[in-house]
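Take a look at the structure below.
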Amino acid sequence: MLIGTVSGSLWATRKNENLSGLKFLLVDIEEKSPDVPTKTIVAADTEGAGFGDVVLVTTGGSARVALGSSEVPVDAAIVGIIDSVERNQ
Amino acid sequence: MLIGTVSGSLWATRKNENLSGLKFLLVDIEEKSPDVPTKTIVAADTEGAGFGDVVLVTTGGSARVALGSSEVPVDAAIVGIIDSVERNQ
Amino acid sequence: MLIGTVSGSLWATRKNENLSGLKFLLVDIEEKSPDVPTKTIVAADTEGAGFGDVVLVTTGGSARVALGSSEVPVDAAIVGIIDSVERNQ
Amino acid sequence: MLIGTVSGSLWATRKNENLSGLKFLLVDIEEKSPDVPTKTIVAADTEGAGFGDVVLVTTGGSARVALGSSEVPVDAAIVGIIDSVERNQ
Amino acid sequence: MLIGTVSGSLWATRKNENLSGLKFLLVDIEEKSPDVPTKTIVAADTEGAGFGDVVLVTTGGSARVALGSSEVPVDAAIVGIIDSVERNQ
């Protein structure tokens, strides 16, 4: 999974019917170090994340697992709101 | 999912039979920041996207989910036409 | 999917038995711009592609879908010979 | 699979219900050379890894296989604690 | 699939039980040009590859297909020993 910060949202009227009702958030992925995003992806959110939240994102088939449906065409989902990260120096 | 802009199309007479009738669009993927594409991929389109549209692209097995068939050998599909993106500064 | 140009082939006598009879081609993937490959991968070919052909490559599980068998351990397959690409300037 | 070093852990109270009880560790992935991490990911751990352990990480669908459940939305799992690596010079 | 050269091996006493008995090799992946590795991964080997062999590596779900079991949590497998590569200049 990846750690990221929610940085925005998007609106799409015309979309795949199985995406209806889902909330899509932009997440700045921080793979290198905290607060230095390497890329921005769009993740479906079922955890109620908001702007600025640090989140845990799962990708690939596990995103569909997270949404509980094999019919939803997503490849990234927010699966947790991170309270704290402990890094060993 | 990824955000991108439709930048072209392609034509292939000789192709896998399960790709017949599908529309393939070039999408400039914008993972770093808006209007700065990092790579160009080919995505199947079922949403009626056109040149210049900003689209939501899903990848991997979810592309087949988007097309509603496990028999279509695609790994990227346009699943939405994006109306607006709100980025938190 | 990715656009690439067939740049070579390989021979492997000792291989997984489910790969027997398959043709494997080297494909220079052009993700950034035409004629500037970013990496070279090996793709199974069922479309009769030859040296210099510009091809459409699908990756991941869809490669097995392309070959029509869930038993063939491939992660990339040529699914089309591209006649022309129209890029919007 | 990838080789990495456990560098931290994270805590998330609000998360997907199928992640309850799992331990999540930060792993600095070393794809280029030992001790030079290229990125940090979050992996589920069932092997009892601790800070500083060099571990074997599997990604994608095989992470769910490692956890023995297709219902757990993870895309990376620690599947071994590495005792030694022999590199041919 | 990817071309690489076997550069080492690893030993892990504590590991997922479904990995028991498997041989894991380090493979320097050569995606850019021959003899210039871009990254090192760990692949399960069932072809009897040895140090210095140039091998064909499959990734993702196809690695499990190569091992003939959906229960083995691997994401990369050596599926062939390459005898020769012909590159078109």
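Labeling convention for the structure tokens: chains A, B, ... as they appear, residues from 1 per chain, ligands from 1 in order of appearance.
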
Rotate and translate chain D onto chain C via least squares on all in-order Cα pairs, then write the result as a PDB file with N, CA and C atoms, in the first residue's frame.
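Okay, superposed-v1.pdb is ready:
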ATOM      1  N   MET D   1      -2.997   0.174 -22.738  1.00  0.00           N
ATOM      2  CA  MET D   1      -2.054  -0.518 -23.610  1.00  0.00           C
ATOM      3  C   MET D   1      -0.923   0.431 -23.956  1.00  0.00           C
ATOM      4  N   LEU D   2       0.121  -0.123 -24.516  1.00  0.00           N
ATOM      5  CA  LEU D   2       1.296   0.657 -24.848  1.00  0.00           C
ATOM      6  C   LEU D   2       1.614   0.523 -26.325  1.00  0.00           C
ATOM      7  N   ILE D   3       2.212   1.567 -26.867  1.00  0.00           N
ATOM      8  CA  ILE D   3       2.663   1.544 -28.257  1.00  0.00           C
ATOM      9  C   ILE D   3       4.159   1.251 -28.263  1.00  0.00           C
ATOM     10  N   GLY D   4       4.576   0.390 -29.185  1.00  0.00           N
ATOM     11  CA  GLY D   4       5.997   0.082 -29.263  1.00  0.00           C
ATOM     12  C   GLY D   4       6.375  -0.372 -30.657  1.00  0.00           C
ATOM     13  N   THR D   5       7.672  -0.538 -30.848  1.00  0.00           N
ATOM     14  CA  THR D   5       8.188  -1.010 -32.135  1.00  0.00           C
ATOM     15  C   THR D   5       8.952  -2.314 -31.915  1.00  0.00           C
ATOM     16  N   VAL D   6       8.640  -3.304 -32.744  1.00  0.00           N
ATOM     17  CA  VAL D   6       9.322  -4.597 -32.613  1.00  0.00           C
ATOM     18  C   VAL D   6      10.785  -4.423 -32.996  1.00  0.00           C
ATOM     19  N   SER D   7      11.673  -4.797 -32.069  1.00  0.00           N
ATOM     20  CA  SER D   7      13.102  -4.552 -32.294  1.00  0.00           C
ATOM     21  C   SER D   7      13.953  -5.810 -32.274  1.00  0.00           C
ATOM     22  N   GLY D   8      13.334  -6.961 -32.050  1.00  0.00           N
ATOM     23  CA  GLY D   8      14.139  -8.166 -32.008  1.00  0.00           C
ATOM     24  C   GLY D   8      13.332  -9.367 -31.576  1.00  0.00           C
ATOM     25  N   SER D   9      14.039 -10.455 -31.402  1.00  0.00           N
ATOM     26  CA  SER D   9      13.376 -11.680 -30.959  1.00  0.00           C
ATOM     27  C   SER D   9      14.332 -12.433 -30.042  1.00  0.00           C
ATOM     28  N   LEU D  10      13.816 -13.458 -29.381  1.00  0.00           N
ATOM     29  CA  LEU D  10      14.717 -14.234 -28.511  1.00  0.00           C
ATOM     30  C   LEU D  10      14.410 -15.703 -28.640  1.00  0.00           C
ATOM     31  N   TRP D  11      15.379 -16.498 -28.268  1.00  0.00           N
ATOM     32  CA  TRP D  11      15.312 -17.934 -28.346  1.00  0.00           C
ATOM     33  C   TRP D  11      15.637 -18.514 -26.976  1.00  0.00           C
ATOM     34  N   ALA D  12      14.756 -19.404 -26.525  1.00  0.00           N
ATOM     35  CA  ALA D  12      14.977 -20.052 -25.231  1.00  0.00           C
ATOM     36  C   ALA D  12      14.577 -21.511 -25.350  1.00  0.00           C
ATOM     37  N   THR D  13      15.563 -22.388 -25.320  1.00  0.00           N
ATOM     38  CA  THR D  13      15.273 -23.820 -25.433  1.00  0.00           C
ATOM     39  C   THR D  13      14.619 -24.332 -24.157  1.00  0.00           C
ATOM     40  N   ARG D  14      15.210 -23.914 -23.029  1.00  0.00           N
ATOM     41  CA  ARG D  14      14.691 -24.380 -21.746  1.00  0.00           C
ATOM     42  C   ARG D  14      13.698 -23.349 -21.232  1.00  0.00           C
ATOM     43  N   LYS D  15      12.437 -23.725 -21.190  1.00  0.00           N
ATOM     44  CA  LYS D  15      11.423 -22.767 -20.737  1.00  0.00           C
ATOM     45  C   LYS D  15      10.206 -23.496 -20.181  1.00  0.00           C
ATOM     46  N   ASN D  16       9.353 -22.743 -19.530  1.00  0.00           N
ATOM     47  CA  ASN D  16       8.109 -23.276 -18.995  1.00  0.00           C
ATOM     48  C   ASN D  16       7.344 -23.994 -20.104  1.00  0.00           C
ATOM     49  N   GLU D  17       6.839 -25.189 -19.809  1.00  0.00           N
ATOM     50  CA  GLU D  17       6.224 -25.998 -20.872  1.00  0.00           C
ATOM     51  C   GLU D  17       5.030 -25.314 -21.521  1.00  0.00           C
ATOM     52  N   ASN D  18       4.355 -24.444 -20.783  1.00  0.00           N
ATOM     53  CA  ASN D  18       3.191 -23.772 -21.359  1.00  0.00           C
ATOM     54  C   ASN D  18       3.560 -22.612 -22.278  1.00  0.00           C
ATOM     55  N   LEU D  19       4.859 -22.373 -22.433  1.00  0.00           N
ATOM     56  CA  LEU D  19       5.312 -21.348 -23.369  1.00  0.00           C
ATOM     57  C   LEU D  19       5.723 -21.954 -24.713  1.00  0.00           C
ATOM     58  N   SER D  20       5.686 -23.274 -24.803  1.00  0.00           N
ATOM     59  CA  SER D  20       6.125 -23.938 -26.041  1.00  0.00           C
ATOM     60  C   SER D  20       5.296 -23.485 -27.230  1.00  0.00           C
ATOM     61  N   GLY D  21       5.983 -23.202 -28.319  1.00  0.00           N
ATOM     62  CA  GLY D  21       5.300 -22.836 -29.546  1.00  0.00           C
ATOM     63  C   GLY D  21       4.956 -21.373 -29.666  1.00  0.00           C
ATOM     64  N   LEU D  22       5.123 -20.627 -28.596  1.00  0.00           N
ATOM     65  CA  LEU D  22       4.846 -19.190 -28.656  1.00  0.00           C
ATOM     66  C   LEU D  22       6.024 -18.443 -29.251  1.00  0.00           C
ATOM     67  N   LYS D  23       5.734 -17.322 -29.932  1.00  0.00           N
ATOM     68  CA  LYS D  23       6.783 -16.466 -30.465  1.00  0.00           C
ATOM     69  C   LYS D  23       6.953 -15.287 -29.514  1.00  0.00           C
ATOM     70  N   PHE D  24       8.200 -15.014 -29.153  1.00  0.00           N
ATOM     71  CA  PHE D  24       8.476 -13.906 -28.245  1.00  0.00           C
ATOM     72  C   PHE D  24       9.269 -12.827 -28.965  1.00  0.00           C
ATOM     73  N   LEU D  25       8.756 -11.620 -28.912  1.00  0.00           N
ATOM     74  CA  LEU D  25       9.413 -10.512 -29.597  1.00  0.00           C
ATOM     75  C   LEU D  25       9.835  -9.438 -28.594  1.00  0.00           C
ATOM     76  N   LEU D  26      10.964  -8.805 -28.884  1.00  0.00           N
ATOM     77  CA  LEU D  26      11.374  -7.633 -28.115  1.00  0.00           C
ATOM     78  C   LEU D  26      10.615  -6.436 -28.674  1.00  0.00           C
ATOM     79  N   VAL D  27      10.047  -5.643 -27.777  1.00  0.00           N
ATOM     80  CA  VAL D  27       9.313  -4.461 -28.200  1.00  0.00           C
ATOM     81  C   VAL D  27       9.872  -3.251 -27.454  1.00  0.00           C
ATOM     82  N   ASP D  28      10.317  -2.263 -28.227  1.00  0.00           N
ATOM     83  CA  ASP D  28      10.767  -1.004 -27.632  1.00  0.00           C
ATOM     84  C   ASP D  28       9.536  -0.148 -27.375  1.00  0.00           C
ATOM     85  N   ILE D  29       9.241   0.056 -26.108  1.00  0.00           N
ATOM     86  CA  ILE D  29       8.027   0.781 -25.717  1.00  0.00           C
ATOM     87  C   ILE D  29       8.264   2.290 -25.813  1.00  0.00           C
ATOM     88  N   GLU D  30       7.304   2.962 -26.451  1.00  0.00           N
ATOM     89  CA  GLU D  30       7.418   4.404 -26.650  1.00  0.00           C
ATOM     90  C   GLU D  30       6.328   5.120 -25.856  1.00  0.00           C
ATOM     91  N   GLU D  31       6.617   5.379 -24.580  1.00  0.00           N
ATOM     92  CA  GLU D  31       5.618   6.003 -23.707  1.00  0.00           C
ATOM     93  C   GLU D  31       5.710   7.517 -23.716  1.00  0.00           C
ATOM     94  N   LYS D  32       6.843   8.019 -24.120  1.00  0.00           N
ATOM     95  CA  LYS D  32       7.052   9.473 -24.025  1.00  0.00           C
ATOM     96  C   LYS D  32       6.725  10.145 -25.357  1.00  0.00           C
ATOM     97  N   SER D  33       7.384   9.708 -26.397  1.00  0.00           N
ATOM     98  CA  SER D  33       7.090  10.259 -27.716  1.00  0.00           C
ATOM     99  C   SER D  33       7.509   9.232 -28.761  1.00  0.00           C
ATOM    100  N   PRO D  34       6.985   9.368 -29.979  1.00  0.00           N
ATOM    101  CA  PRO D  34       7.291   8.380 -31.012  1.00  0.00           C
ATOM    102  C   PRO D  34       8.804   8.292 -31.252  1.00  0.00           C
ATOM    103  N   ASP D  35       9.263   7.103 -31.486  1.00  0.00           N
ATOM    104  CA  ASP D  35      10.665   6.853 -31.837  1.00  0.00           C
ATOM    105  C   ASP D  35      11.652   7.096 -30.702  1.00  0.00           C
ATOM    106  N   VAL D  36      11.144   7.352 -29.509  1.00  0.00           N
ATOM    107  CA  VAL D  36      12.031   7.487 -28.349  1.00  0.00           C
ATOM    108  C   VAL D  36      11.626   6.432 -27.328  1.00  0.00           C
ATOM    109  N   PRO D  37      12.177   5.227 -27.450  1.00  0.00           N
ATOM    110  CA  PRO D  37      11.779   4.164 -26.525  1.00  0.00           C
ATOM    111  C   PRO D  37      12.227   4.458 -25.106  1.00  0.00           C
ATOM    112  N   THR D  38      11.380   4.076 -24.140  1.00  0.00           N
ATOM    113  CA  THR D  38      11.720   4.264 -22.734  1.00  0.00           C
ATOM    114  C   THR D  38      12.191   2.960 -22.090  1.00  0.00           C
ATOM    115  N   LYS D  39      11.778   1.840 -22.675  1.00  0.00           N
ATOM    116  CA  LYS D  39      12.223   0.548 -22.153  1.00  0.00           C
ATOM    117  C   LYS D  39      11.928  -0.523 -23.183  1.00  0.00           C
ATOM    118  N   THR D  40      12.573  -1.665 -23.021  1.00  0.00           N
ATOM    119  CA  THR D  40      12.346  -2.797 -23.916  1.00  0.00           C
ATOM    120  C   THR D  40      11.744  -3.947 -23.116  1.00  0.00           C
ATOM    121  N   ILE D  41      10.638  -4.482 -23.602  1.00  0.00           N
ATOM    122  CA  ILE D  41      10.038  -5.627 -22.938  1.00  0.00           C
ATOM    123  C   ILE D  41       9.940  -6.790 -23.931  1.00  0.00           C
ATOM    124  N   VAL D  42       9.566  -7.951 -23.408  1.00  0.00           N
ATOM    125  CA  VAL D  42       9.359  -9.128 -24.246  1.00  0.00           C
ATOM    126  C   VAL D  42       7.866  -9.434 -24.244  1.00  0.00           C
ATOM    127  N   ALA D  43       7.278  -9.506 -25.438  1.00  0.00           N
ATOM    128  CA  ALA D  43       5.844  -9.769 -25.550  1.00  0.00           C
ATOM    129  C   ALA D  43       5.599 -11.002 -26.396  1.00  0.00           C
ATOM    130  N   ALA D  44       4.604 -11.794 -26.010  1.00  0.00           N
ATOM    131  CA  ALA D  44       4.168 -12.907 -26.845  1.00  0.00           C
ATOM    132  C   ALA D  44       3.399 -12.332 -28.025  1.00  0.00           C
ATOM    133  N   ASP D  45       3.563 -12.943 -29.186  1.00  0.00           N
ATOM    134  CA  ASP D  45       2.927 -12.405 -30.391  1.00  0.00           C
ATOM    135  C   ASP D  45       2.023 -13.435 -31.037  1.00  0.00           C
ATOM    136  N   THR D  46       0.791 -13.082 -31.233  1.00  0.00           N
ATOM    137  CA  THR D  46      -0.131 -13.964 -31.963  1.00  0.00           C
ATOM    138  C   THR D  46      -0.680 -13.268 -33.198  1.00  0.00           C
ATOM    139  N   GLU D  47      -0.193 -12.065 -33.471  1.00  0.00           N
ATOM    140  CA  GLU D  47      -0.709 -11.289 -34.595  1.00  0.00           C
ATOM    141  C   GLU D  47       0.203 -11.329 -35.821  1.00  0.00           C
ATOM    142  N   GLY D  48       1.333 -12.028 -35.714  1.00  0.00           N
ATOM    143  CA  GLY D  48       2.233 -12.110 -36.859  1.00  0.00           C
ATOM    144  C   GLY D  48       3.054 -10.860 -37.075  1.00  0.00           C
ATOM    145  N   ALA D  49       3.418 -10.197 -35.983  1.00  0.00           N
ATOM    146  CA  ALA D  49       4.222  -8.975 -36.093  1.00  0.00           C
ATOM    147  C   ALA D  49       5.643  -9.301 -36.534  1.00  0.00           C
ATOM    148  N   GLY D  50       6.288  -8.328 -37.198  1.00  0.00           N
ATOM    149  CA  GLY D  50       7.664  -8.512 -37.646  1.00  0.00           C
ATOM    150  C   GLY D  50       8.531  -7.336 -37.253  1.00  0.00           C
ATOM    151  N   PHE D  51       9.838  -7.472 -37.487  1.00  0.00           N
ATOM    152  CA  PHE D  51      10.794  -6.411 -37.160  1.00  0.00           C
ATOM    153  C   PHE D  51      10.317  -5.069 -37.715  1.00  0.00           C
ATOM    154  N   GLY D  52      10.322  -4.057 -36.881  1.00  0.00           N
ATOM    155  CA  GLY D  52       9.990  -2.717 -37.325  1.00  0.00           C
ATOM    156  C   GLY D  52       8.513  -2.375 -37.257  1.00  0.00           C
ATOM    157  N   ASP D  53       7.666  -3.367 -37.032  1.00  0.00           N
ATOM    158  CA  ASP D  53       6.232  -3.077 -36.932  1.00  0.00           C
ATOM    159  C   ASP D  53       5.950  -2.264 -35.669  1.00  0.00           C
ATOM    160  N   VAL D  54       5.039  -1.304 -35.816  1.00  0.00           N
ATOM    161  CA  VAL D  54       4.552  -0.572 -34.651  1.00  0.00           C
ATOM    162  C   VAL D  54       3.349  -1.345 -34.127  1.00  0.00           C
ATOM    163  N   VAL D  55       3.402  -1.698 -32.848  1.00  0.00           N
ATOM    164  CA  VAL D  55       2.399  -2.624 -32.314  1.00  0.00           C
ATOM    165  C   VAL D  55       1.740  -2.072 -31.052  1.00  0.00           C
ATOM    166  N   LEU D  56       0.570  -2.661 -30.766  1.00  0.00           N
ATOM    167  CA  LEU D  56      -0.172  -2.357 -29.545  1.00  0.00           C
ATOM    168  C   LEU D  56       0.082  -3.510 -28.576  1.00  0.00           C
ATOM    169  N   VAL D  57       0.552  -3.194 -27.390  1.00  0.00           N
ATOM    170  CA  VAL D  57       0.916  -4.222 -26.414  1.00  0.00           C
ATOM    171  C   VAL D  57       0.013  -4.105 -25.192  1.00  0.00           C
ATOM    172  N   THR D  58      -0.538  -5.220 -24.766  1.00  0.00           N
ATOM    173  CA  THR D  58      -1.313  -5.227 -23.531  1.00  0.00           C
ATOM    174  C   THR D  58      -0.521  -5.960 -22.461  1.00  0.00           C
ATOM    175  N   THR D  59      -0.686  -5.552 -21.210  1.00  0.00           N
ATOM    176  CA  THR D  59       0.145  -6.087 -20.134  1.00  0.00           C
ATOM    177  C   THR D  59      -0.691  -6.680 -19.004  1.00  0.00           C
ATOM    178  N   GLY D  60      -0.016  -7.429 -18.145  1.00  0.00           N
ATOM    179  CA  GLY D  60      -0.682  -8.003 -16.980  1.00  0.00           C
ATOM    180  C   GLY D  60      -1.584  -9.157 -17.357  1.00  0.00           C
ATOM    181  N   GLY D  61      -2.640  -9.347 -16.584  1.00  0.00           N
ATOM    182  CA  GLY D  61      -3.557 -10.450 -16.813  1.00  0.00           C
ATOM    183  C   GLY D  61      -4.164 -10.449 -18.206  1.00  0.00           C
ATOM    184  N   SER D  62      -4.277  -9.268 -18.818  1.00  0.00           N
ATOM    185  CA  SER D  62      -4.899  -9.202 -20.144  1.00  0.00           C
ATOM    186  C   SER D  62      -4.028  -9.865 -21.209  1.00  0.00           C
ATOM    187  N   ALA D  63      -2.756 -10.071 -20.925  1.00  0.00           N
ATOM    188  CA  ALA D  63      -1.908 -10.796 -21.871  1.00  0.00           C
ATOM    189  C   ALA D  63      -2.351 -12.252 -21.954  1.00  0.00           C
ATOM    190  N   ARG D  64      -2.705 -12.807 -20.807  1.00  0.00           N
ATOM    191  CA  ARG D  64      -3.216 -14.194 -20.819  1.00  0.00           C
ATOM    192  C   ARG D  64      -4.570 -14.238 -21.526  1.00  0.00           C
ATOM    193  N   VAL D  65      -5.383 -13.216 -21.308  1.00  0.00           N
ATOM    194  CA  VAL D  65      -6.666 -13.133 -22.013  1.00  0.00           C
ATOM    195  C   VAL D  65      -6.430 -13.110 -23.519  1.00  0.00           C
ATOM    196  N   ALA D  66      -5.418 -12.346 -23.942  1.00  0.00           N
ATOM    197  CA  ALA D  66      -5.125 -12.235 -25.378  1.00  0.00           C
ATOM    198  C   ALA D  66      -4.754 -13.592 -25.973  1.00  0.00           C
ATOM    199  N   LEU D  67      -4.053 -14.407 -25.191  1.00  0.00           N
ATOM    200  CA  LEU D  67      -3.626 -15.712 -25.690  1.00  0.00           C
ATOM    201  C   LEU D  67      -4.715 -16.765 -25.539  1.00  0.00           C
ATOM    202  N   GLY D  68      -5.809 -16.377 -24.881  1.00  0.00           N
ATOM    203  CA  GLY D  68      -6.935 -17.286 -24.766  1.00  0.00           C
ATOM    204  C   GLY D  68      -6.702 -18.444 -23.826  1.00  0.00           C
ATOM    205  N   SER D  69      -5.794 -18.254 -22.863  1.00  0.00           N
ATOM    206  CA  SER D  69      -5.519 -19.325 -21.910  1.00  0.00           C
ATOM    207  C   SER D  69      -5.040 -18.748 -20.595  1.00  0.00           C
ATOM    208  N   SER D  70      -5.612 -19.205 -19.516  1.00  0.00           N
ATOM    209  CA  SER D  70      -5.191 -18.750 -18.195  1.00  0.00           C
ATOM    210  C   SER D  70      -3.987 -19.547 -17.693  1.00  0.00           C
ATOM    211  N   GLU D  71      -3.506 -20.482 -18.527  1.00  0.00           N
ATOM    212  CA  GLU D  71      -2.402 -21.354 -18.120  1.00  0.00           C
ATOM    213  C   GLU D  71      -1.052 -20.896 -18.654  1.00  0.00           C
ATOM    214  N   VAL D  72      -1.055 -19.886 -19.499  1.00  0.00           N
ATOM    215  CA  VAL D  72       0.189 -19.458 -20.137  1.00  0.00           C
ATOM    216  C   VAL D  72       0.795 -18.304 -19.324  1.00  0.00           C
ATOM    217  N   PRO D  73       1.997 -18.494 -18.768  1.00  0.00           N
ATOM    218  CA  PRO D  73       2.572 -17.492 -17.855  1.00  0.00           C
ATOM    219  C   PRO D  73       3.228 -16.317 -18.581  1.00  0.00           C
ATOM    220  N   VAL D  74       2.416 -15.508 -19.238  1.00  0.00           N
ATOM    221  CA  VAL D  74       2.936 -14.303 -19.900  1.00  0.00           C
ATOM    222  C   VAL D  74       2.309 -13.068 -19.261  1.00  0.00           C
ATOM    223  N   ASP D  75       3.041 -11.965 -19.298  1.00  0.00           N
ATOM    224  CA  ASP D  75       2.520 -10.709 -18.750  1.00  0.00           C
ATOM    225  C   ASP D  75       2.526  -9.583 -19.784  1.00  0.00           C
ATOM    226  N   ALA D  76       2.751  -9.930 -21.034  1.00  0.00           N
ATOM    227  CA  ALA D  76       2.709  -8.932 -22.109  1.00  0.00           C
ATOM    228  C   ALA D  76       2.434  -9.648 -23.418  1.00  0.00           C
ATOM    229  N   ALA D  77       1.550  -9.065 -24.226  1.00  0.00           N
ATOM    230  CA  ALA D  77       1.211  -9.677 -25.516  1.00  0.00           C
ATOM    231  C   ALA D  77       0.932  -8.585 -26.534  1.00  0.00           C
ATOM    232  N   ILE D  78       1.355  -8.869 -27.773  1.00  0.00           N
ATOM    233  CA  ILE D  78       1.033  -7.980 -28.886  1.00  0.00           C
ATOM    234  C   ILE D  78      -0.395  -8.292 -29.308  1.00  0.00           C
ATOM    235  N   VAL D  79      -1.269  -7.277 -29.272  1.00  0.00           N
ATOM    236  CA  VAL D  79      -2.681  -7.508 -29.608  1.00  0.00           C
ATOM    237  C   VAL D  79      -3.108  -6.780 -30.878  1.00  0.00           C
ATOM    238  N   GLY D  80      -2.192  -6.039 -31.488  1.00  0.00           N
ATOM    239  CA  GLY D  80      -2.551  -5.377 -32.732  1.00  0.00           C
ATOM    240  C   GLY D  80      -1.323  -4.836 -33.443  1.00  0.00           C
ATOM    241  N   ILE D  81      -1.433  -4.765 -34.776  1.00  0.00           N
ATOM    242  CA  ILE D  81      -0.402  -4.117 -35.593  1.00  0.00           C
ATOM    243  C   ILE D  81      -0.976  -2.751 -35.956  1.00  0.00           C
ATOM    244  N   ILE D  82      -0.305  -1.694 -35.531  1.00  0.00           N
ATOM    245  CA  ILE D  82      -0.865  -0.347 -35.704  1.00  0.00           C
ATOM    246  C   ILE D  82      -0.601   0.168 -37.119  1.00  0.00           C
ATOM    247  N   ASP D  83      -1.693   0.560 -37.796  1.00  0.00           N
ATOM    248  CA  ASP D  83      -1.568   1.111 -39.144  1.00  0.00           C
ATOM    249  C   ASP D  83      -1.198   2.594 -39.083  1.00  0.00           C
ATOM    250  N   SER D  84      -1.879   3.312 -38.225  1.00  0.00           N
ATOM    251  CA  SER D  84      -1.594   4.740 -38.140  1.00  0.00           C
ATOM    252  C   SER D  84      -2.000   5.283 -36.775  1.00  0.00           C
ATOM    253  N   VAL D  85      -1.274   6.299 -36.356  1.00  0.00           N
ATOM    254  CA  VAL D  85      -1.574   6.997 -35.106  1.00  0.00           C
ATOM    255  C   VAL D  85      -1.826   8.453 -35.467  1.00  0.00           C
ATOM    256  N   GLU D  86      -2.958   8.977 -35.012  1.00  0.00           N
ATOM    257  CA  GLU D  86      -3.260  10.388 -35.242  1.00  0.00           C
ATOM    258  C   GLU D  86      -3.075  11.117 -33.922  1.00  0.00           C
ATOM    259  N   ARG D  87      -2.120  12.053 -33.917  1.00  0.00           N
ATOM    260  CA  ARG D  87      -1.889  12.824 -32.691  1.00  0.00           C
ATOM    261  C   ARG D  87      -2.365  14.253 -32.908  1.00  0.00           C
ATOM    262  N   ASN D  88      -3.123  14.735 -31.934  1.00  0.00           N
ATOM    263  CA  ASN D  88      -3.642  16.091 -31.994  1.00  0.00           C
ATOM    264  C   ASN D  88      -2.575  17.061 -31.503  1.00  0.00           C
ATOM    265  N   GLN D  89      -2.238  18.008 -32.327  1.00  0.00           N
ATOM    266  CA  GLN D  89      -1.174  18.951 -31.909  1.00  0.00           C
ATOM    267  C   GLN D  89      -1.741  20.109 -31.111  1.00  0.00           C
TER     268      GLN D  89
END

Filtered DSSP result for chain E, state alpha helix (DSSP H), as a PyMOL selection string: chain E and resi 61-67

Same residues, N, CA, C and O atoms, output as a short mmCIF file (atom, residue, chain, number, x, y, z; two decimals), in the first residue's frame:
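Final output, saved to part-v3.cif:
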data_model
loop_
_atom_site.label_atom_id
_atom_site.label_comp_id
_atom_site.auth_asym_id
_atom_site.auth_seq_id
_atom_site.Cartn_x
_atom_site.Cartn_y
_atom_site.Cartn_z
N GLY E 61 0.41 -11.86 -11.67
CA GLY E 61 -0.32 -13.11 -11.53
C GLY E 61 0.26 -14.24 -12.36
O GLY E 61 0.10 -15.42 -12.01
N SER E 62 0.94 -13.91 -13.46
CA SER E 62 1.49 -14.96 -14.31
C SER E 62 2.63 -15.71 -13.62
O SER E 62 2.97 -16.83 -14.03
N ALA E 63 3.20 -15.12 -12.58
CA ALA E 63 4.23 -15.85 -11.83
C ALA E 63 3.61 -17.03 -11.11
O ALA E 63 4.19 -18.12 -11.05
N ARG E 64 2.41 -16.82 -10.58
CA ARG E 64 1.72 -17.95 -9.93
C ARG E 64 1.32 -18.99 -10.98
O ARG E 64 1.38 -20.19 -10.73
N VAL E 65 0.91 -18.51 -12.15
CA VAL E 65 0.60 -19.44 -13.24
C VAL E 65 1.83 -20.28 -13.58
O VAL E 65 1.74 -21.49 -13.78
N ALA E 66 3.00 -19.64 -13.60
CA ALA E 66 4.23 -20.35 -13.94
C ALA E 66 4.53 -21.45 -12.94
O ALA E 66 5.03 -22.53 -13.31
N LEU E 67 4.21 -21.20 -11.68
CA LEU E 67 4.48 -22.19 -10.64
C LEU E 67 3.37 -23.23 -10.54
O LEU E 67 3.48 -24.19 -9.77
#

Secondary structure check, strand (DSSP E or B) residues of chain E, as an NGL selection string: :E and (2-11 or 14-15 or 23-29 or 33 or 36 or 39-45 or 54-59 or 76-81 or 84-87)
